[in-house]
>>> print(open('model10.cif').read())   # mmCIF, N, CA and C atoms and all ligand atoms
data_protein
loop_
_atom_site.group_PDB
_atom_site.id
_atom_site.type_symbol
_atom_site.label_atom_id
_atom_site.label_comp_id
_atom_site.auth_asym_id
_atom_site.auth_seq_id
_atom_site.Cartn_x
_atom_site.Cartn_y
_atom_site.Cartn_z
ATOM 1 N N MET A 689 90.557 56.262 88.311
ATOM 2 C CA MET A 689 90.887 56.966 87.056
ATOM 3 C C MET A 689 89.718 57.836 86.613
ATOM 4 N N ASP A 690 89.967 59.044 86.322
ATOM 5 C CA ASP A 690 88.901 59.975 85.975
ATOM 6 C C ASP A 690 89.186 60.559 84.585
ATOM 7 N N ASP A 691 88.701 59.846 83.572
ATOM 8 C CA ASP A 691 89.012 60.258 82.205
ATOM 9 C C ASP A 691 88.412 61.605 81.859
ATOM 10 N N HIS A 692 87.218 61.873 82.422
ATOM 11 C CA HIS A 692 86.588 63.156 82.135
ATOM 12 C C HIS A 692 87.463 64.295 82.654
ATOM 13 N N ALA A 693 87.948 64.154 83.867
ATOM 14 C CA ALA A 693 88.801 65.183 84.460
ATOM 15 C C ALA A 693 90.078 65.334 83.659
ATOM 16 N N ARG A 694 90.646 64.199 83.232
ATOM 17 C CA ARG A 694 91.887 64.260 82.467
ATOM 18 C C ARG A 694 91.670 65.032 81.151
ATOM 19 N N THR A 695 90.573 64.701 80.454
ATOM 20 C CA THR A 695 90.275 65.378 79.193
ATOM 21 C C THR A 695 90.112 66.873 79.416
ATOM 22 N N GLU A 696 89.387 67.202 80.470
ATOM 23 C CA GLU A 696 89.123 68.605 80.755
ATOM 24 C C GLU A 696 90.411 69.356 81.097
ATOM 25 N N LEU A 697 91.257 68.707 81.899
ATOM 26 C CA LEU A 697 92.520 69.334 82.308
ATOM 27 C C LEU A 697 93.454 69.499 81.118
ATOM 28 N N GLU A 698 93.484 68.500 80.262
ATOM 29 C CA GLU A 698 94.373 68.607 79.089
ATOM 30 C C GLU A 698 93.896 69.700 78.134
ATOM 31 N N ALA A 699 92.578 69.833 78.003
ATOM 32 C CA ALA A 699 92.025 70.893 77.156
ATOM 33 C C ALA A 699 92.370 72.255 77.738
ATOM 34 N N LYS A 700 92.238 72.363 79.062
ATOM 35 C CA LYS A 700 92.535 73.628 79.729
ATOM 36 C C LYS A 700 94.018 73.967 79.609
ATOM 37 N N ARG A 701 94.827 72.941 79.742
ATOM 38 C CA ARG A 701 96.264 73.163 79.645
ATOM 39 C C ARG A 701 96.632 73.694 78.249
ATOM 40 N N ALA A 702 96.051 73.090 77.219
ATOM 41 C CA ALA A 702 96.313 73.541 75.849
ATOM 42 C C ALA A 702 95.872 74.995 75.676
ATOM 43 N N GLU A 703 94.743 75.330 76.291
ATOM 44 C CA GLU A 703 94.217 76.692 76.191
ATOM 45 C C GLU A 703 95.166 77.684 76.865
ATOM 46 N N VAL A 704 95.652 77.313 78.054
ATOM 47 C CA VAL A 704 96.562 78.202 78.789
ATOM 48 C C VAL A 704 97.875 78.375 78.025
ATOM 49 N N VAL A 705 98.397 77.283 77.470
ATOM 50 C CA VAL A 705 99.638 77.360 76.694
ATOM 51 C C VAL A 705 99.447 78.297 75.505
ATOM 52 N N ALA A 706 98.301 78.185 74.838
ATOM 53 C CA ALA A 706 98.015 79.050 73.686
ATOM 54 C C ALA A 706 97.949 80.509 74.125
ATOM 55 N N GLN A 707 97.337 80.754 75.278
ATOM 56 C CA GLN A 707 97.233 82.132 75.777
ATOM 57 C C GLN A 707 98.608 82.691 76.107
ATOM 58 N N MET A 708 99.476 81.844 76.674
ATOM 59 C CA MET A 708 100.819 82.315 77.008
ATOM 60 C C MET A 708 101.590 82.659 75.740
ATOM 61 N N GLU A 709 101.390 81.864 74.700
ATOM 62 C CA GLU A 709 102.064 82.160 73.437
ATOM 63 C C GLU A 709 101.566 83.484 72.870
ATOM 64 N N GLN A 710 100.274 83.702 72.986
ATOM 65 C CA GLN A 710 99.710 84.943 72.469
ATOM 66 C C GLN A 710 100.210 86.140 73.255
ATOM 67 N N LEU A 711 100.403 85.942 74.562
ATOM 68 C CA LEU A 711 100.879 87.050 75.396
ATOM 69 C C LEU A 711 102.330 87.387 75.103
ATOM 70 N N SER A 712 103.150 86.370 74.853
ATOM 71 C CA SER A 712 104.571 86.639 74.667
ATOM 72 C C SER A 712 104.875 87.056 73.238
ATOM 73 N N ALA A 713 104.015 86.722 72.310
ATOM 74 C CA ALA A 713 104.272 87.009 70.901
ATOM 75 C C ALA A 713 104.508 88.492 70.603
ATOM 76 N N PRO A 714 103.635 89.392 71.071
ATOM 77 C CA PRO A 714 103.761 90.785 70.591
ATOM 78 C C PRO A 714 104.754 91.634 71.358
ATOM 79 N N ILE A 715 105.626 91.049 72.170
ATOM 80 C CA ILE A 715 106.564 91.840 72.964
ATOM 81 C C ILE A 715 107.464 92.675 72.046
ATOM 82 N N GLN A 716 107.825 92.154 70.891
ATOM 83 C CA GLN A 716 108.652 92.898 69.931
ATOM 84 C C GLN A 716 107.903 94.131 69.435
ATOM 85 N N ASP A 717 106.616 94.056 69.530
ATOM 86 C CA ASP A 717 105.724 95.101 69.050
ATOM 87 C C ASP A 717 105.734 96.262 70.040
ATOM 88 N N GLN A 718 106.583 97.265 69.806
ATOM 89 C CA GLN A 718 106.705 98.310 70.817
ATOM 90 C C GLN A 718 105.561 99.310 70.757
ATOM 91 N N GLY A 719 104.874 99.340 69.663
ATOM 92 C CA GLY A 719 103.812 100.330 69.492
ATOM 93 C C GLY A 719 102.522 99.941 70.188
ATOM 94 N N SER A 720 101.445 100.265 69.576
ATOM 95 C CA SER A 720 100.157 99.963 70.165
ATOM 96 C C SER A 720 99.941 98.452 70.150
ATOM 97 N N ILE A 721 99.618 97.963 71.320
ATOM 98 C CA ILE A 721 99.443 96.518 71.438
ATOM 99 C C ILE A 721 97.981 96.218 71.723
ATOM 100 N N SER A 722 97.415 95.443 70.880
ATOM 101 C CA SER A 722 96.040 95.027 71.112
ATOM 102 C C SER A 722 95.976 93.523 71.124
ATOM 103 N N PHE A 723 95.776 92.979 72.308
ATOM 104 C CA PHE A 723 95.657 91.526 72.405
ATOM 105 C C PHE A 723 94.250 91.075 72.074
ATOM 106 N N GLY A 724 93.355 92.063 72.052
ATOM 107 C CA GLY A 724 91.942 91.707 71.955
ATOM 108 C C GLY A 724 91.641 90.745 70.839
ATOM 109 N N LYS A 725 92.239 91.004 69.686
ATOM 110 C CA LYS A 725 91.904 90.157 68.545
ATOM 111 C C LYS A 725 92.685 88.848 68.532
ATOM 112 N N ARG A 726 93.681 88.747 69.409
ATOM 113 C CA ARG A 726 94.494 87.534 69.415
ATOM 114 C C ARG A 726 93.969 86.494 70.386
ATOM 115 N N VAL A 727 93.118 86.902 71.305
ATOM 116 C CA VAL A 727 92.626 85.976 72.319
ATOM 117 C C VAL A 727 91.173 85.657 72.005
ATOM 118 N N GLY A 728 90.891 84.428 71.775
ATOM 119 C CA GLY A 728 89.551 84.059 71.338
ATOM 120 C C GLY A 728 88.634 83.636 72.460
ATOM 121 N N ASP A 729 87.484 83.138 72.078
ATOM 122 C CA ASP A 729 86.559 82.487 73.005
ATOM 123 C C ASP A 729 86.120 83.351 74.167
ATOM 124 N N GLY A 730 85.754 84.582 73.894
ATOM 125 C CA GLY A 730 85.157 85.401 74.956
ATOM 126 C C GLY A 730 86.133 85.843 76.020
ATOM 127 N N THR A 731 87.407 85.471 75.909
ATOM 128 C CA THR A 731 88.369 85.941 76.897
ATOM 129 C C THR A 731 89.110 87.147 76.353
ATOM 130 N N ALA A 732 88.581 87.742 75.295
ATOM 131 C CA ALA A 732 89.243 88.884 74.679
ATOM 132 C C ALA A 732 89.534 89.961 75.716
ATOM 133 N N MET A 733 90.739 90.468 75.661
ATOM 134 C CA MET A 733 91.084 91.507 76.613
ATOM 135 C C MET A 733 92.153 92.401 75.997
ATOM 136 N N ALA A 734 92.071 93.645 76.354
ATOM 137 C CA ALA A 734 93.104 94.569 75.936
ATOM 138 C C ALA A 734 93.975 94.843 77.152
ATOM 139 N N VAL A 735 95.236 94.531 77.029
ATOM 140 C CA VAL A 735 96.124 94.696 78.181
ATOM 141 C C VAL A 735 97.387 95.421 77.756
ATOM 142 N N ASP A 736 97.944 96.189 78.649
ATOM 143 C CA ASP A 736 99.223 96.799 78.338
ATOM 144 C C ASP A 736 100.326 95.814 78.712
ATOM 145 N N ARG A 737 101.572 96.173 78.469
ATOM 146 C CA ARG A 737 102.644 95.185 78.619
ATOM 147 C C ARG A 737 102.845 94.747 80.061
ATOM 148 N N LEU A 738 102.722 95.687 80.992
ATOM 149 C CA LEU A 738 102.885 95.298 82.392
ATOM 150 C C LEU A 738 101.839 94.282 82.785
ATOM 151 N N THR A 739 100.605 94.534 82.355
ATOM 152 C CA THR A 739 99.541 93.598 82.646
ATOM 153 C C THR A 739 99.820 92.261 81.994
ATOM 154 N N ALA A 740 100.406 92.326 80.793
ATOM 155 C CA ALA A 740 100.707 91.091 80.075
ATOM 156 C C ALA A 740 101.704 90.244 80.847
ATOM 157 N N VAL A 741 102.705 90.905 81.459
ATOM 158 C CA VAL A 741 103.688 90.165 82.244
ATOM 159 C C VAL A 741 103.001 89.512 83.439
ATOM 160 N N GLY A 742 102.149 90.262 84.118
ATOM 161 C CA GLY A 742 101.408 89.706 85.244
ATOM 162 C C GLY A 742 100.522 88.552 84.808
ATOM 163 N N ALA A 743 99.865 88.733 83.675
ATOM 164 C CA ALA A 743 98.984 87.685 83.160
ATOM 165 C C ALA A 743 99.784 86.439 82.829
ATOM 166 N N HIS A 744 100.982 86.651 82.295
ATOM 167 C CA HIS A 744 101.842 85.520 81.962
ATOM 168 C C HIS A 744 102.197 84.738 83.219
ATOM 169 N N ASP A 745 102.533 85.465 84.295
ATOM 170 C CA ASP A 745 102.848 84.813 85.564
ATOM 171 C C ASP A 745 101.647 84.030 86.082
ATOM 172 N N ASN A 746 100.471 84.652 85.981
ATOM 173 C CA ASN A 746 99.261 83.972 86.431
ATOM 174 C C ASN A 746 99.032 82.689 85.647
ATOM 175 N N LEU A 747 99.234 82.785 84.342
ATOM 176 C CA LEU A 747 99.024 81.615 83.486
ATOM 177 C C LEU A 747 100.040 80.526 83.818
ATOM 178 N N GLN A 748 101.285 80.946 84.106
ATOM 179 C CA GLN A 748 102.307 79.971 84.480
ATOM 180 C C GLN A 748 101.896 79.258 85.766
ATOM 181 N N GLY A 749 101.384 80.014 86.715
ATOM 182 C CA GLY A 749 100.914 79.422 87.967
ATOM 183 C C GLY A 749 99.777 78.446 87.719
ATOM 184 N N LEU A 750 98.871 78.849 86.847
ATOM 185 C CA LEU A 750 97.741 78.005 86.494
ATOM 186 C C LEU A 750 98.223 76.718 85.841
ATOM 187 N N LEU A 751 99.226 76.874 84.977
ATOM 188 C CA LEU A 751 99.788 75.719 84.279
ATOM 189 C C LEU A 751 100.373 74.723 85.293
ATOM 190 N N ASP A 752 101.053 75.250 86.309
ATOM 191 C CA ASP A 752 101.612 74.391 87.347
ATOM 192 C C ASP A 752 100.503 73.641 88.081
ATOM 193 N N GLU A 753 99.419 74.381 88.387
ATOM 194 C CA GLU A 753 98.305 73.749 89.095
ATOM 195 C C GLU A 753 97.674 72.644 88.258
ATOM 196 N N ILE A 754 97.530 72.916 86.956
ATOM 197 C CA ILE A 754 96.945 71.915 86.060
ATOM 198 C C ILE A 754 97.842 70.678 86.005
ATOM 199 N N GLY A 755 99.169 70.920 85.962
ATOM 200 C CA GLY A 755 100.118 69.804 85.952
ATOM 201 C C GLY A 755 99.993 68.952 87.207
ATOM 202 N N THR A 756 99.864 69.621 88.355
ATOM 203 C CA THR A 756 99.705 68.911 89.620
ATOM 204 C C THR A 756 98.410 68.099 89.615
ATOM 205 N N ALA A 757 97.344 68.708 89.083
ATOM 206 C CA ALA A 757 96.047 68.026 89.034
ATOM 207 C C ALA A 757 96.118 66.802 88.122
ATOM 208 N N LEU A 758 96.833 66.940 87.001
ATOM 209 C CA LEU A 758 96.968 65.800 86.080
ATOM 210 C C LEU A 758 97.754 64.664 86.743
ATOM 211 N N GLU A 759 98.759 65.027 87.544
ATOM 212 C CA GLU A 759 99.497 64.008 88.289
ATOM 213 C C GLU A 759 98.570 63.300 89.265
ATOM 214 N N ALA A 760 97.685 64.089 89.876
ATOM 215 C CA ALA A 760 96.734 63.515 90.820
ATOM 216 C C ALA A 760 95.779 62.547 90.115
ATOM 217 N N VAL A 761 95.378 62.902 88.884
ATOM 218 C CA VAL A 761 94.528 61.991 88.104
ATOM 219 C C VAL A 761 95.279 60.681 87.886
ATOM 220 N N GLU A 762 96.573 60.797 87.539
ATOM 221 C CA GLU A 762 97.385 59.604 87.276
ATOM 222 C C GLU A 762 97.486 58.702 88.503
ATOM 223 N N ASP A 763 97.737 59.301 89.652
ATOM 224 C CA ASP A 763 97.951 58.455 90.832
ATOM 225 C C ASP A 763 96.664 58.178 91.612
ATOM 226 N N GLY A 764 95.542 58.644 91.052
ATOM 227 C CA GLY A 764 94.248 58.285 91.631
ATOM 228 C C GLY A 764 93.811 59.150 92.799
ATOM 229 N N SER A 765 94.546 60.219 93.078
ATOM 230 C CA SER A 765 94.173 61.060 94.216
ATOM 231 C C SER A 765 93.371 62.285 93.791
ATOM 232 N N TYR A 766 93.061 62.369 92.499
ATOM 233 C CA TYR A 766 92.317 63.539 92.011
ATOM 234 C C TYR A 766 90.978 63.645 92.713
ATOM 235 N N GLY A 767 90.610 64.901 93.060
ATOM 236 C CA GLY A 767 89.334 65.123 93.735
ATOM 237 C C GLY A 767 89.478 65.143 95.251
ATOM 238 N N ARG A 768 90.705 64.904 95.726
ATOM 239 C CA ARG A 768 90.960 64.970 97.163
ATOM 240 C C ARG A 768 91.998 66.040 97.462
ATOM 241 N N CYS A 769 91.810 66.698 98.580
ATOM 242 C CA CYS A 769 92.742 67.735 99.006
ATOM 243 C C CYS A 769 94.113 67.114 99.271
ATOM 244 N N ARG A 770 95.158 67.717 98.690
ATOM 245 C CA ARG A 770 96.491 67.136 98.894
ATOM 246 C C ARG A 770 97.065 67.518 100.244
ATOM 247 N N VAL A 771 96.364 68.411 100.982
ATOM 248 C CA VAL A 771 96.825 68.756 102.327
ATOM 249 C C VAL A 771 96.167 67.845 103.355
ATOM 250 N N CYS A 772 94.831 67.777 103.335
ATOM 251 C CA CYS A 772 94.133 67.031 104.381
ATOM 252 C C CYS A 772 93.496 65.735 103.882
ATOM 253 N N GLY A 773 93.452 65.535 102.555
ATOM 254 C CA GLY A 773 92.916 64.284 102.034
ATOM 255 C C GLY A 773 91.404 64.232 101.942
ATOM 256 N N GLU A 774 90.743 65.311 102.310
ATOM 257 C CA GLU A 774 89.286 65.323 102.234
ATOM 258 C C GLU A 774 88.818 65.556 100.800
ATOM 259 N N ALA A 775 87.635 65.052 100.488
ATOM 260 C CA ALA A 775 87.096 65.221 99.145
ATOM 261 C C ALA A 775 86.866 66.698 98.860
ATOM 262 N N ILE A 776 87.255 67.119 97.677
ATOM 263 C CA ILE A 776 87.025 68.498 97.249
ATOM 264 C C ILE A 776 85.589 68.584 96.730
ATOM 265 N N PRO A 777 84.807 69.557 97.208
ATOM 266 C CA PRO A 777 83.401 69.668 96.785
ATOM 267 C C PRO A 777 83.268 69.751 95.269
ATOM 268 N N GLU A 778 82.220 69.106 94.770
ATOM 269 C CA GLU A 778 82.018 69.039 93.329
ATOM 270 C C GLU A 778 81.941 70.426 92.692
ATOM 271 N N GLY A 779 81.270 71.352 93.370
ATOM 272 C CA GLY A 779 81.121 72.694 92.828
ATOM 273 C C GLY A 779 82.459 73.377 92.639
ATOM 274 N N ARG A 780 83.368 73.107 93.553
ATOM 275 C CA ARG A 780 84.708 73.697 93.447
ATOM 276 C C ARG A 780 85.452 73.085 92.259
ATOM 277 N N LEU A 781 85.309 71.804 92.073
ATOM 278 C CA LEU A 781 85.985 71.144 90.951
ATOM 279 C C LEU A 781 85.385 71.575 89.618
ATOM 280 N N GLU A 782 84.092 71.902 89.644
ATOM 281 C CA GLU A 782 83.482 72.373 88.405
ATOM 282 C C GLU A 782 84.035 73.745 88.036
ATOM 283 N N ALA A 783 84.183 74.602 89.045
ATOM 284 C CA ALA A 783 84.694 75.950 88.795
ATOM 285 C C ALA A 783 86.193 75.922 88.507
ATOM 286 N N ARG A 784 86.903 75.052 89.213
ATOM 287 C CA ARG A 784 88.362 74.943 89.045
ATOM 288 C C ARG A 784 88.734 73.471 88.965
ATOM 289 N N PRO A 785 88.645 72.886 87.772
ATOM 290 C CA PRO A 785 88.939 71.442 87.644
ATOM 291 C C PRO A 785 90.367 71.099 88.053
ATOM 292 N N TRP A 786 91.226 72.112 88.122
ATOM 293 C CA TRP A 786 92.627 71.868 88.464
ATOM 294 C C TRP A 786 92.871 72.006 89.967
ATOM 295 N N ALA A 787 91.786 72.228 90.729
ATOM 296 C CA ALA A 787 91.942 72.380 92.175
ATOM 297 C C ALA A 787 92.468 71.083 92.787
ATOM 298 N N THR A 788 93.512 71.180 93.606
ATOM 299 C CA THR A 788 94.013 69.985 94.281
ATOM 300 C C THR A 788 94.009 70.188 95.795
ATOM 301 N N THR A 789 93.296 71.236 96.215
ATOM 302 C CA THR A 789 93.118 71.442 97.647
ATOM 303 C C THR A 789 91.665 71.785 97.921
ATOM 304 N N CYS A 790 91.188 71.524 99.136
ATOM 305 C CA CYS A 790 89.835 71.894 99.511
ATOM 306 C C CYS A 790 89.775 73.411 99.737
ATOM 307 N N VAL A 791 88.576 73.912 99.982
ATOM 308 C CA VAL A 791 88.408 75.363 100.146
ATOM 309 C C VAL A 791 89.283 75.866 101.292
ATOM 310 N N ARG A 792 89.368 75.083 102.347
ATOM 311 C CA ARG A 792 90.118 75.470 103.536
ATOM 312 C C ARG A 792 91.612 75.594 103.224
ATOM 313 N N HIS A 793 92.133 74.725 102.378
ATOM 314 C CA HIS A 793 93.561 74.727 102.100
ATOM 315 C C HIS A 793 93.912 75.372 100.764
ATOM 316 N N GLY A 794 92.897 75.906 100.073
ATOM 317 C CA GLY A 794 93.159 76.555 98.796
ATOM 318 C C GLY A 794 93.698 77.920 99.068
HETATM 319 ZN ZN ZN B 1 92.171 70.357 102.828
#
>>> encode(input="model10.cif", output="structure tokens")
Amino acid sequence: MDDHARTELEAKRAEVVAQMEQLSAPIQDQGSISFGKRVGDGTAMAVDRLTAVGAHDNLQGLLDEIGTALEAVEDGSYGRCRVCGEAIPEGRLEARPWATTCVRHG
């Protein structure tokens, strides 16, 4: 059981969900769209709508990965590649706590 990883993943998941809400919110806004002020914590970005759709897809993918990683925490396999079972390097987990594959299978 890795409580630190679980806490980190849940925090990240909440952050991604918040970002997705911010991205989908201004779609009704047909005029000038500035996400910059809606996205906090140094991730401020100005994106047009096409980029927003792409970003939403990316966030959805990230959300899926985080969900998979949280499942791995639950079943005790977190930190191991789900393809080959080898330990995922610590540096990779620090950069991507939701990683569930080693560098070779990522
Ligand atoms: Zn692997």
>>> resolve_selection(input="model10.cif", expression="the PyMOL selection byres (((chain A and resi 737-753) around 6.5) and not hetatm)", output="count of residues only")
13
>>> closest_residue(input="model10.cif", among="A:Ile776, A:Leu781, A:Val771, A:Glu703", to="ligand ZN 1 (chain B)", atoms="all atoms listed in the file")
A:Val771
>>> residues_near_ligand(input="model10.cif", ligand="ligand ZN 1 (chain B)", cutoff="6 Å", atoms="only C-alpha atoms and all ligand atoms", output="PyMOL selection string")
chain A and resi 769+771-772+774+789-790+792-793
>>> closest_residue(input="model10.cif", among="A:Lys700, A:Gln707, A:Val791, A:Gly773", to="Ala760 (chain A)", atoms="only C-alpha atoms")
A:Gly773
>>> build_atoms(input="model10.cif", residues="region 777-788 of chain A", atoms="all heavy atoms", output="mmCIF file, keeping the file's coordinate frame")
data_model
loop_
_atom_site.group_PDB
_atom_site.id
_atom_site.type_symbol
_atom_site.label_atom_id
_atom_site.label_comp_id
_atom_site.auth_asym_id
_atom_site.auth_seq_id
_atom_site.Cartn_x
_atom_site.Cartn_y
_atom_site.Cartn_z
ATOM 1 N N PRO A 777 84.807 69.557 97.208
ATOM 2 C CA PRO A 777 83.401 69.668 96.785
ATOM 3 C C PRO A 777 83.268 69.751 95.269
ATOM 4 O O PRO A 777 84.100 70.371 94.599
ATOM 5 C CB PRO A 777 82.936 70.968 97.444
ATOM 6 C CG PRO A 777 83.885 71.221 98.553
ATOM 7 C CD PRO A 777 85.196 70.616 98.133
ATOM 8 N N GLU A 778 82.220 69.106 94.770
ATOM 9 C CA GLU A 778 82.018 69.039 93.329
ATOM 10 C C GLU A 778 81.941 70.426 92.692
ATOM 11 O O GLU A 778 82.475 70.656 91.605
ATOM 12 C CB GLU A 778 80.723 68.289 93.039
ATOM 13 C CG GLU A 778 80.824 67.338 91.862
ATOM 14 C CD GLU A 778 79.631 66.417 91.798
ATOM 15 O OE1 GLU A 778 79.623 65.414 92.533
ATOM 16 O OE2 GLU A 778 78.708 66.723 91.044
ATOM 17 N N GLY A 779 81.270 71.352 93.370
ATOM 18 C CA GLY A 779 81.121 72.694 92.828
ATOM 19 C C GLY A 779 82.459 73.377 92.639
ATOM 20 O O GLY A 779 82.665 74.110 91.666
ATOM 21 N N ARG A 780 83.368 73.107 93.553
ATOM 22 C CA ARG A 780 84.708 73.697 93.447
ATOM 23 C C ARG A 780 85.452 73.085 92.259
ATOM 24 O O ARG A 780 86.142 73.796 91.520
ATOM 25 C CB ARG A 780 85.472 73.441 94.752
ATOM 26 C CG ARG A 780 86.902 73.949 94.759
ATOM 27 C CD ARG A 780 87.418 73.944 96.189
ATOM 28 N NE ARG A 780 88.856 74.132 96.288
ATOM 29 C CZ ARG A 780 89.466 75.317 96.227
ATOM 30 N NH1 ARG A 780 88.747 76.389 96.066
ATOM 31 N NH2 ARG A 780 90.768 75.407 96.354
ATOM 32 N N LEU A 781 85.309 71.804 92.073
ATOM 33 C CA LEU A 781 85.985 71.144 90.951
ATOM 34 C C LEU A 781 85.385 71.575 89.618
ATOM 35 O O LEU A 781 86.076 71.595 88.610
ATOM 36 C CB LEU A 781 85.895 69.627 91.087
ATOM 37 C CG LEU A 781 86.873 68.994 92.076
ATOM 38 C CD1 LEU A 781 86.617 67.504 92.187
ATOM 39 C CD2 LEU A 781 88.316 69.262 91.688
ATOM 40 N N GLU A 782 84.092 71.902 89.644
ATOM 41 C CA GLU A 782 83.482 72.373 88.405
ATOM 42 C C GLU A 782 84.035 73.745 88.036
ATOM 43 O O GLU A 782 84.320 74.019 86.873
ATOM 44 C CB GLU A 782 81.954 72.456 88.566
ATOM 45 C CG GLU A 782 81.249 71.244 87.980
ATOM 46 C CD GLU A 782 79.807 71.181 88.393
ATOM 47 O OE1 GLU A 782 79.148 72.238 88.405
ATOM 48 O OE2 GLU A 782 79.345 70.080 88.719
ATOM 49 N N ALA A 783 84.183 74.602 89.045
ATOM 50 C CA ALA A 783 84.694 75.950 88.795
ATOM 51 C C ALA A 783 86.193 75.922 88.507
ATOM 52 O O ALA A 783 86.679 76.683 87.679
ATOM 53 C CB ALA A 783 84.399 76.852 89.989
ATOM 54 N N ARG A 784 86.903 75.052 89.213
ATOM 55 C CA ARG A 784 88.362 74.943 89.045
ATOM 56 C C ARG A 784 88.734 73.471 88.965
ATOM 57 O O ARG A 784 89.148 72.884 89.966
ATOM 58 C CB ARG A 784 89.073 75.573 90.260
ATOM 59 C CG ARG A 784 88.867 77.075 90.399
ATOM 60 C CD ARG A 784 89.281 77.529 91.816
ATOM 61 N NE ARG A 784 90.623 77.072 92.165
ATOM 62 C CZ ARG A 784 91.716 77.819 91.998
ATOM 63 N NH1 ARG A 784 91.615 79.020 91.534
ATOM 64 N NH2 ARG A 784 92.894 77.352 92.328
ATOM 65 N N PRO A 785 88.645 72.886 87.772
ATOM 66 C CA PRO A 785 88.939 71.442 87.644
ATOM 67 C C PRO A 785 90.367 71.099 88.053
ATOM 68 O O PRO A 785 90.669 69.934 88.286
ATOM 69 C CB PRO A 785 88.699 71.157 86.154
ATOM 70 C CG PRO A 785 87.859 72.286 85.657
ATOM 71 C CD PRO A 785 88.232 73.479 86.493
ATOM 72 N N TRP A 786 91.226 72.112 88.122
ATOM 73 C CA TRP A 786 92.627 71.868 88.464
ATOM 74 C C TRP A 786 92.871 72.006 89.967
ATOM 75 O O TRP A 786 94.015 71.901 90.415
ATOM 76 C CB TRP A 786 93.532 72.834 87.705
ATOM 77 C CG TRP A 786 93.103 74.270 87.882
ATOM 78 C CD1 TRP A 786 93.507 75.123 88.872
ATOM 79 C CD2 TRP A 786 92.181 74.993 87.067
ATOM 80 N NE1 TRP A 786 92.881 76.329 88.718
ATOM 81 C CE2 TRP A 786 92.060 76.287 87.614
ATOM 82 C CE3 TRP A 786 91.444 74.659 85.931
ATOM 83 C CZ2 TRP A 786 91.218 77.255 87.057
ATOM 84 C CZ3 TRP A 786 90.618 75.628 85.385
ATOM 85 C CH2 TRP A 786 90.511 76.902 85.938
ATOM 86 N N ALA A 787 91.786 72.228 90.729
ATOM 87 C CA ALA A 787 91.942 72.380 92.175
ATOM 88 C C ALA A 787 92.468 71.083 92.787
ATOM 89 O O ALA A 787 91.962 70.005 92.494
ATOM 90 C CB ALA A 787 90.609 72.756 92.813
ATOM 91 N N THR A 788 93.512 71.180 93.606
ATOM 92 C CA THR A 788 94.013 69.985 94.281
ATOM 93 C C THR A 788 94.009 70.188 95.795
ATOM 94 O O THR A 788 94.624 69.440 96.521
ATOM 95 C CB THR A 788 95.459 69.632 93.821
ATOM 96 O OG1 THR A 788 96.298 70.777 93.991
ATOM 97 C CG2 THR A 788 95.463 69.202 92.369
#
